[in-house]
$ cat my_file.cif   # mmCIF, C-alpha atoms
data_data
loop_
_atom_site.label_atom_id
_atom_site.label_comp_id
_atom_site.auth_asym_id
_atom_site.auth_seq_id
_atom_site.Cartn_x
_atom_site.Cartn_y
_atom_site.Cartn_z
CA MET R 1 98.64 146.33 98.48
CA VAL R 2 100.23 143.64 100.68
CA ALA R 3 97.96 140.74 101.56
CA SER R 4 97.38 140.24 105.27
CA ARG R 5 98.83 137.16 106.94
CA PRO R 6 96.22 134.38 107.31
CA ALA R 7 94.81 134.01 110.80
CA ARG R 8 95.98 131.01 112.79
CA ASP R 9 93.61 128.15 113.44
CA ALA R 10 93.58 128.07 117.25
CA ARG R 11 92.49 124.44 117.38
CA PHE R 12 95.37 123.30 115.20
CA GLU R 13 97.85 125.50 117.01
CA GLU R 14 96.97 123.75 120.24
CA ALA R 15 97.67 120.40 118.57
CA SER R 16 101.26 121.51 117.74
CA VAL R 17 101.67 118.66 115.30
CA LYS R 18 105.08 117.00 114.87
CA ILE R 19 105.92 115.53 111.46
CA ALA R 20 108.87 113.45 110.26
CA VAL R 21 109.55 113.26 106.52
CA SER R 22 111.30 110.10 105.38
CA GLY R 23 111.98 108.10 102.23
CA LYS R 24 114.56 106.56 99.96
CA GLY R 25 117.46 108.76 98.90
CA GLY R 26 116.73 111.01 95.93
CA VAL R 27 112.93 110.92 96.12
CA GLY R 28 112.66 114.61 97.06
CA LYS R 29 111.86 114.44 100.77
CA THR R 30 113.81 117.63 101.49
CA THR R 31 111.83 119.43 98.80
CA VAL R 32 108.58 118.16 100.32
CA CYS R 33 109.68 119.17 103.82
CA ALA R 34 110.62 122.68 102.65
CA ALA R 35 107.36 123.10 100.72
CA LEU R 36 105.28 121.96 103.70
CA ALA R 37 107.12 124.34 106.02
CA ARG R 38 106.36 127.25 103.69
CA ALA R 39 102.72 126.15 103.45
CA TYR R 40 102.34 125.98 107.24
CA ALA R 41 104.01 129.38 107.68
CA GLY R 42 101.73 130.81 105.00
CA ALA R 43 98.75 129.53 106.97
CA GLY R 44 99.88 131.52 110.01
CA GLN R 45 101.56 128.71 111.93
CA ARG R 46 104.81 129.03 113.86
CA VAL R 47 107.14 126.48 112.29
CA LEU R 48 110.35 124.73 113.29
CA VAL R 49 112.21 122.71 110.67
CA VAL R 50 114.93 120.33 111.79
CA ASP R 51 117.56 119.18 109.32
CA ALA R 52 118.45 115.69 110.54
CA ASP R 53 119.86 114.59 107.17
CA PRO R 54 123.67 114.28 106.91
CA ASN R 55 123.54 116.21 103.60
CA ASN R 56 122.35 119.32 105.49
CA CYS R 57 120.68 121.02 102.51
CA LEU R 58 117.29 121.90 103.99
CA GLY R 59 118.32 125.50 104.63
CA GLU R 60 119.16 126.01 100.97
CA ALA R 61 115.91 124.38 99.88
CA MET R 62 114.05 126.69 102.27
CA GLY R 63 115.62 129.71 100.58
CA PHE R 64 117.45 130.92 103.68
CA PRO R 65 120.14 133.46 102.62
CA PRO R 66 123.79 132.34 102.59
CA GLU R 67 124.77 134.83 105.29
CA LEU R 68 122.24 133.22 107.63
CA LEU R 69 123.25 129.67 106.77
CA GLU R 70 126.91 130.53 107.39
CA LYS R 71 126.08 131.04 111.06
CA ILE R 72 124.97 127.42 111.43
CA THR R 73 127.17 124.64 112.78
CA PRO R 74 125.48 121.23 112.94
CA LEU R 75 125.05 120.19 116.57
CA SER R 76 126.67 116.85 115.85
CA GLU R 77 129.95 118.68 115.09
CA MET R 78 130.01 120.44 118.45
CA LYS R 79 131.97 117.73 120.23
CA ASP R 80 132.77 119.77 123.33
CA LEU R 81 129.13 120.81 123.76
CA LEU R 82 127.87 117.26 123.32
CA ALA R 83 130.46 115.90 125.75
CA GLU R 84 129.52 118.56 128.31
CA ARG R 85 125.79 117.83 128.04
CA ALA R 86 126.31 114.08 128.17
CA GLY R 87 128.49 114.46 131.24
CA THR R 88 131.60 112.96 129.66
CA ALA R 89 133.71 116.14 129.46
CA GLN R 90 135.53 115.22 132.68
CA GLY R 91 136.21 111.65 131.60
CA GLY R 92 134.82 108.45 133.00
CA GLY R 93 132.87 105.61 131.48
CA PHE R 94 129.34 106.80 132.23
CA PHE R 95 127.14 109.41 130.60
CA SER R 96 123.66 110.82 131.05
CA LEU R 97 120.81 109.32 129.05
CA SER R 98 118.72 112.44 129.77
CA PRO R 99 121.05 115.39 129.16
CA ARG R 100 119.86 119.01 129.32
CA VAL R 101 118.83 120.24 125.86
CA ASP R 102 116.10 122.84 126.50
CA ASP R 103 118.31 125.82 125.53
CA LEU R 104 119.78 124.43 122.30
CA LEU R 105 116.97 125.61 120.00
CA GLU R 106 117.23 129.22 121.14
CA ARG R 107 121.03 129.23 121.05
CA TYR R 108 121.63 127.45 117.75
CA GLY R 109 118.48 127.87 115.65
CA VAL R 110 118.20 130.55 112.93
CA SER R 111 114.92 132.15 111.91
CA GLN R 112 113.34 133.84 108.92
CA ASP R 113 109.73 134.54 107.88
CA GLY R 114 108.23 132.73 110.87
CA ILE R 115 110.31 129.59 110.30
CA THR R 116 113.15 128.48 112.57
CA LEU R 117 115.81 126.10 111.24
CA LEU R 118 117.92 123.84 113.43
CA VAL R 119 120.60 121.63 111.91
CA MET R 120 121.27 118.49 113.92
CA GLY R 121 123.69 116.70 111.63
CA SER R 122 124.48 113.02 111.95
CA ILE R 123 126.32 110.83 114.42
CA THR R 124 128.27 108.16 112.56
CA GLN R 125 129.18 105.02 114.46
CA ALA R 126 130.58 101.65 113.47
CA ALA R 127 127.41 99.90 114.64
CA SER R 128 123.98 101.26 113.77
CA GLY R 129 121.83 102.04 116.75
CA CYS R 130 124.68 102.03 119.24
CA VAL R 131 124.41 103.99 122.47
CA CYS R 132 126.96 106.81 122.72
CA PRO R 133 127.01 110.20 124.48
CA GLU R 134 126.50 112.15 121.24
CA SER R 135 123.49 110.15 120.12
CA ALA R 136 122.00 110.41 123.62
CA VAL R 137 122.08 114.22 123.37
CA LEU R 138 120.56 114.32 119.89
CA ARG R 139 117.86 111.83 120.82
CA ALA R 140 117.01 113.88 123.91
CA LEU R 141 116.84 117.00 121.75
CA THR R 142 114.41 115.31 119.36
CA ARG R 143 112.26 114.28 122.32
CA HIS R 144 112.32 117.85 123.65
CA LEU R 145 111.44 119.45 120.30
CA VAL R 146 108.24 117.47 119.95
CA GLU R 147 107.04 119.11 123.17
CA GLU R 148 107.36 122.61 121.67
CA GLU R 149 104.08 124.45 121.00
CA MET R 150 104.57 124.80 117.25
CA VAL R 151 104.53 122.82 114.05
CA VAL R 152 107.75 120.79 113.88
CA LEU R 153 108.98 119.23 110.64
CA LEU R 154 111.95 116.85 110.76
CA ASP R 155 113.77 116.12 107.51
CA MET R 156 115.17 112.69 108.35
CA GLU R 157 118.15 111.02 106.75
CA ALA R 158 117.40 108.84 103.73
CA GLY R 159 116.51 105.21 104.22
CA ILE R 160 115.65 103.43 107.46
CA GLU R 161 118.66 103.94 109.75
CA HIS R 162 116.98 106.71 111.75
CA LEU R 163 114.15 104.32 112.58
CA GLY R 164 116.61 101.78 113.90
CA ARG R 165 117.97 104.43 116.26
CA GLY R 166 114.48 105.50 117.31
CA THR R 167 115.10 109.21 116.62
CA SER R 168 111.70 109.69 114.97
CA GLN R 169 109.57 107.71 117.41
CA TYR R 170 108.16 110.77 119.18
CA VAL R 171 106.39 112.32 116.18
CA ASP R 172 102.64 112.41 115.46
CA VAL R 173 102.93 111.86 111.71
CA LEU R 174 105.42 110.05 109.49
CA LEU R 175 105.25 111.10 105.85
CA ILE R 176 107.00 108.66 103.53
CA VAL R 177 107.95 110.25 100.20
CA THR R 178 108.25 107.98 97.18
CA GLU R 179 108.87 108.07 93.45
CA PRO R 180 106.74 105.86 91.19
CA THR R 181 109.34 103.07 91.15
CA LEU R 182 109.37 99.61 92.71
CA ALA R 183 112.66 100.29 94.52
CA SER R 184 111.31 103.43 96.14
CA LEU R 185 108.01 101.80 97.09
CA HIS R 186 109.84 98.80 98.53
CA THR R 187 111.61 101.23 100.88
CA VAL R 188 108.19 102.67 101.76
CA GLN R 189 107.06 99.29 103.05
CA ARG R 190 110.23 98.78 105.10
CA ILE R 191 109.88 102.23 106.65
CA ALA R 192 106.19 101.60 107.34
CA GLU R 193 106.89 98.34 109.15
CA LEU R 194 109.62 99.80 111.35
CA SER R 195 107.54 102.88 112.14
CA ARG R 196 104.63 100.63 113.09
CA GLN R 197 106.90 98.86 115.57
CA LEU R 198 107.92 102.23 117.02
CA GLY R 199 104.27 103.12 117.56
CA ILE R 200 104.13 106.20 115.31
CA PRO R 201 100.36 106.80 115.18
CA ARG R 202 99.90 108.22 111.68
CA ARG R 203 101.79 107.01 108.62
CA ALA R 204 101.05 108.18 105.09
CA VAL R 205 102.59 108.20 101.62
CA ILE R 206 103.32 111.18 99.39
CA GLY R 207 104.00 110.34 95.77
CA ASN R 208 106.52 112.70 94.17
CA LYS R 209 107.62 113.26 90.54
CA ILE R 210 104.29 111.94 89.29
CA GLY R 211 104.27 112.23 85.50
CA GLY R 212 100.64 111.28 84.87
CA PRO R 213 97.67 109.10 85.85
CA GLU R 214 99.55 105.83 85.33
CA ALA R 215 102.30 106.88 87.74
CA ALA R 216 99.73 108.00 90.29
CA GLU R 217 97.90 104.67 90.07
CA PHE R 218 101.21 102.83 90.38
CA VAL R 219 101.93 104.55 93.69
CA ARG R 220 98.43 103.89 95.02
CA ARG R 221 98.59 100.23 94.02
CA HIS R 222 101.94 99.60 95.70
CA ALA R 223 101.38 101.68 98.83
CA GLY R 224 99.69 98.71 100.50
CA ASP R 225 97.46 99.72 103.40
CA LEU R 226 99.07 103.13 103.74
CA PRO R 227 96.94 106.13 102.71
CA VAL R 228 98.28 108.24 99.85
CA ILE R 229 97.54 111.82 100.90
CA GLY R 230 99.43 113.65 98.15
CA LEU R 231 100.57 113.11 94.56
CA LEU R 232 103.04 115.82 93.56
CA PRO R 233 103.47 116.38 89.82
CA PHE R 234 106.85 116.22 88.15
CA ASP R 235 108.25 119.76 87.88
CA ARG R 236 111.61 120.28 86.18
CA ARG R 237 112.11 123.49 88.15
CA LEU R 238 112.38 121.36 91.28
CA GLY R 239 115.11 119.16 89.83
CA HIS R 240 117.89 120.95 91.69
CA VAL R 241 115.95 122.67 94.45
CA GLU R 242 118.04 120.99 97.15
CA PHE R 243 121.33 122.10 95.62
CA ASP R 244 120.73 125.42 93.83
CA PRO R 245 119.44 128.28 96.01
CA SER R 246 118.20 130.12 92.91
CA THR R 247 115.53 127.42 92.55
CA SER R 248 114.70 127.25 96.24
CA LEU R 249 111.29 127.62 97.84
CA GLY R 250 112.26 130.79 99.67
CA THR R 251 110.62 134.17 99.64
CA GLY R 252 112.46 135.19 96.48
CA ALA R 253 110.29 132.94 94.33
CA GLY R 254 107.82 131.50 96.80
CA LEU R 255 105.57 128.52 96.34
CA GLY R 256 103.47 130.52 93.89
CA ALA R 257 106.31 130.33 91.36
CA LEU R 258 105.96 126.56 91.18
CA ASP R 259 103.48 124.49 89.24
CA PRO R 260 100.04 125.37 90.68
CA ALA R 261 99.23 121.66 90.78
CA PHE R 262 102.25 121.10 93.03
CA THR R 263 101.18 123.80 95.47
CA ARG R 264 97.61 122.49 95.51
CA GLU R 265 98.81 119.02 96.43
CA ILE R 266 101.11 120.36 99.17
CA GLU R 267 98.16 122.29 100.59
CA GLN R 268 96.05 119.12 100.41
CA VAL R 269 98.68 117.28 102.45
CA ARG R 270 98.71 120.06 105.04
CA ARG R 271 94.94 120.02 105.34
CA ALA R 272 94.78 116.22 105.57
CA ILE R 273 97.15 116.32 108.54
CA GLU R 274 95.26 119.21 110.12
CA GLU R 275 91.90 117.47 109.80
CA SER R 276 93.26 114.23 111.25
CA VAL R 277 94.67 116.09 114.27
CA GLU R 278 91.52 118.16 114.79
CA LYS R 279 89.31 115.05 114.65
CA GLY R 280 91.54 113.31 117.14
CA GLU R 281 92.10 110.36 114.83
CA LYS R 282 94.47 107.91 116.45
CA SER R 283 95.88 106.54 113.22
CA TRP R 284 95.65 106.48 109.43
CA ALA R 285 97.14 103.04 108.86
#

$ encode --input "my_file.cif" --output "structure tokens"
Amino acid sequence: MVASRPARDARFEEASVKIAVSGKGGVGKTTVCAALARAYAGAGQRVLVVDADPNNCLGEAMGFPPELLEKITPLSEMKDLLAERAGTAQGGGFFSLSPRVDDLLERYGVSQDGITLLVMGSITQAASGCVCPESAVLRALTRHLVEEEMVVLLDMEAGIEHLGRGTSQYVDVLLIVTEPTLASLHTVQRIAELSRQLGIPRRAVIGNKIGGPEAAEFVRRHAGDLPVIGLLPFDRRLGHVEFDPSTSLGTGAGLGALDPAFTREIEQVRRAIEESVEKGEKSWA
């Protein structure tokens, strides 16, 4: 007998929470983003995941089939489209700072199991944070997506560059994923400070690859004033989840195939965000 799909929480659906997942390279933020997306979909929510990381491996981590992923071209590689939307296709030295982007999700997103994936890609420029037609389109798209009536999860590029460009400033929640190392937690503090300047209302830490109580305490101690809303246990099966589709979080294996402690912590993170939104809390830290 097939279990029925969980009913949606109408109050949370109205909140249509927008979440950016950030952190130092290699900490597992793509894995966390994929796991959260599956958890939200399993709770009956309509979910959009946006791959804003230049590595573009969120689709594989989600378990989307290769034939579906082959249809995707990162928006950042569509030079003609970006030039048209920015108003530079005909030449000239000016471009629109508010280009039309409302149709891009429907035209270029791919969907499976109640989750839509959109791959944004990355604009590389000689100077970080520069203003160019391409970045204007992608920033406008990010701003538009946070207005969609659904749960939106953005897998941001590693480090802090995306904060310097302001591409994550429109979200409700910034989740900062960290390993139990000083280098990773130092990046947490840098991300937290920049996100505070951007005015992101809720910032929280998720500890990943936690090998035991000492590692968990290490993360809590060095998280500063940021709340730690999840401590994900080390699971060797997740070691290559972002690179090997056979170990993905897709429907083939599902979250239930992972360490039960991992799935419990992911669910705890989801509920912590839900409760904060439902209570109307303005901030965590």

$ atom_distance --input "my_file.cif" --atom1 "atom CA of R:Tyr170" --atom2 "atom CA of R:Arg143"
6.2 Å

$ residues_around --input "my_file.cif" --residues "R:Leu68" --least-positions-apart "2" --cutoff "12 Å" --atoms "only C-alpha atoms" --output "PyMOL selection string"
chain R and resi 59-60+62-66+70-73+108-112+116-118

$ write_last_selection --input "my_file.cif" --atoms "C-alpha atoms" --output "mmCIF file, keeping the file's coordinate frame"
data_model
loop_
_atom_site.group_PDB
_atom_site.id
_atom_site.type_symbol
_atom_site.label_atom_id
_atom_site.label_comp_id
_atom_site.auth_asym_id
_atom_site.auth_seq_id
_atom_site.Cartn_x
_atom_site.Cartn_y
_atom_site.Cartn_z
ATOM 1 C CA GLY R 59 118.320 125.500 104.630
ATOM 2 C CA GLU R 60 119.160 126.010 100.970
ATOM 3 C CA MET R 62 114.050 126.690 102.270
ATOM 4 C CA GLY R 63 115.620 129.710 100.580
ATOM 5 C CA PHE R 64 117.450 130.920 103.680
ATOM 6 C CA PRO R 65 120.140 133.460 102.620
ATOM 7 C CA PRO R 66 123.790 132.340 102.590
ATOM 8 C CA GLU R 70 126.910 130.530 107.390
ATOM 9 C CA LYS R 71 126.080 131.040 111.060
ATOM 10 C CA ILE R 72 124.970 127.420 111.430
ATOM 11 C CA THR R 73 127.170 124.640 112.780
ATOM 12 C CA TYR R 108 121.630 127.450 117.750
ATOM 13 C CA GLY R 109 118.480 127.870 115.650
ATOM 14 C CA VAL R 110 118.200 130.550 112.930
ATOM 15 C CA SER R 111 114.920 132.150 111.910
ATOM 16 C CA GLN R 112 113.340 133.840 108.920
ATOM 17 C CA THR R 116 113.150 128.480 112.570
ATOM 18 C CA LEU R 117 115.810 126.100 111.240
ATOM 19 C CA LEU R 118 117.920 123.840 113.430
#

$ closest_atom_pairs --input "my_file.cif" --of "stretch 18-73 of chain R" --to "stretch 144-153 of chain R" --cutoff "8 Å" --atoms "only C-alpha atoms" --output "JSON lines"
{"residue": "R:Lys18", "atom": "CA", "partner": "R:Val152", "partner_atom": "CA", "distance": 4.7}
{"residue": "R:Ile19", "atom": "CA", "partner": "R:Leu153", "partner_atom": "CA", "distance": 4.9}
{"residue": "R:Ala20", "atom": "CA", "partner": "R:Leu153", "partner_atom": "CA", "distance": 5.8}
{"residue": "R:Val21", "atom": "CA", "partner": "R:Leu153", "partner_atom": "CA", "distance": 7.3}
{"residue": "R:Cys33", "atom": "CA", "partner": "R:Leu153", "partner_atom": "CA", "distance": 6.9}
{"residue": "R:Ala37", "atom": "CA", "partner": "R:Leu153", "partner_atom": "CA", "distance": 7.1}
{"residue": "R:Tyr40", "atom": "CA", "partner": "R:Val151", "partner_atom": "CA", "distance": 7.8}
{"residue": "R:Gln45", "atom": "CA", "partner": "R:Val151", "partner_atom": "CA", "distance": 6.9}
{"residue": "R:Arg46", "atom": "CA", "partner": "R:Met150", "partner_atom": "CA", "distance": 5.4}
{"residue": "R:Val47", "atom": "CA", "partner": "R:Val151", "partner_atom": "CA", "distance": 4.8}
{"residue": "R:Leu48", "atom": "CA", "partner": "R:Val152", "partner_atom": "CA", "distance": 4.8}
{"residue": "R:Val49", "atom": "CA", "partner": "R:Leu153", "partner_atom": "CA", "distance": 4.7}
{"residue": "R:Val50", "atom": "CA", "partner": "R:Leu153", "partner_atom": "CA", "distance": 6.2}

$ write_last_selection --input "my_file.cif" --atoms "C-alpha atoms" --output "mmCIF file, in the frame of the given file"
data_model
loop_
_atom_site.group_PDB
_atom_site.id
_atom_site.type_symbol
_atom_site.label_atom_id
_atom_site.label_comp_id
_atom_site.auth_asym_id
_atom_site.auth_seq_id
_atom_site.Cartn_x
_atom_site.Cartn_y
_atom_site.Cartn_z
ATOM 1 C CA LYS R 18 105.080 117.000 114.870
ATOM 2 C CA ILE R 19 105.920 115.530 111.460
ATOM 3 C CA ALA R 20 108.870 113.450 110.260
ATOM 4 C CA VAL R 21 109.550 113.260 106.520
ATOM 5 C CA CYS R 33 109.680 119.170 103.820
ATOM 6 C CA ALA R 37 107.120 124.340 106.020
ATOM 7 C CA TYR R 40 102.340 125.980 107.240
ATOM 8 C CA GLN R 45 101.560 128.710 111.930
ATOM 9 C CA ARG R 46 104.810 129.030 113.860
ATOM 10 C CA VAL R 47 107.140 126.480 112.290
ATOM 11 C CA LEU R 48 110.350 124.730 113.290
ATOM 12 C CA VAL R 49 112.210 122.710 110.670
ATOM 13 C CA VAL R 50 114.930 120.330 111.790
#

$ atom_distance --input "my_file.cif" --atom1 "atom CA of R:Pro180" --atom2 "atom CA of R:Asp225"
16.5 Å

$ closest_residue --input "my_file.cif" --among "R:Gly211, R:Gly121, R:Pro201, R:Pro54" --to "R:Gly25" --atoms "only C-alpha atoms"
R:Pro54

$ atom_distance --input "my_file.cif" --atom1 "atom CA of R:Ala140" --atom2 "atom CA of R:Arg100"
8.0 Å

$ residues_around --input "my_file.cif" --residues "R:Gly207" --least-positions-apart "2" --cutoff "12 Å" --atoms "only C-alpha atoms" --output "MDAnalysis selection string"
chainID R and resid 23:24 27:29 32 175:181 184:185 188 204:205 209:213 215:223 226:234 262 265:266 269

$ closest_residue --input "my_file.cif" --among "R:Glu267, R:Glu274, R:Glu157, R:Asp235" --to "R:Asp51" --atoms "only C-alpha atoms"
R:Glu157

$ residues_around --input "my_file.cif" --residues "R:Val173" --least-positions-apart "2" --cutoff "6 Å" --atoms "all atoms listed in the file" --output "ChimeraX atom specification"
/R:19,171,202-203
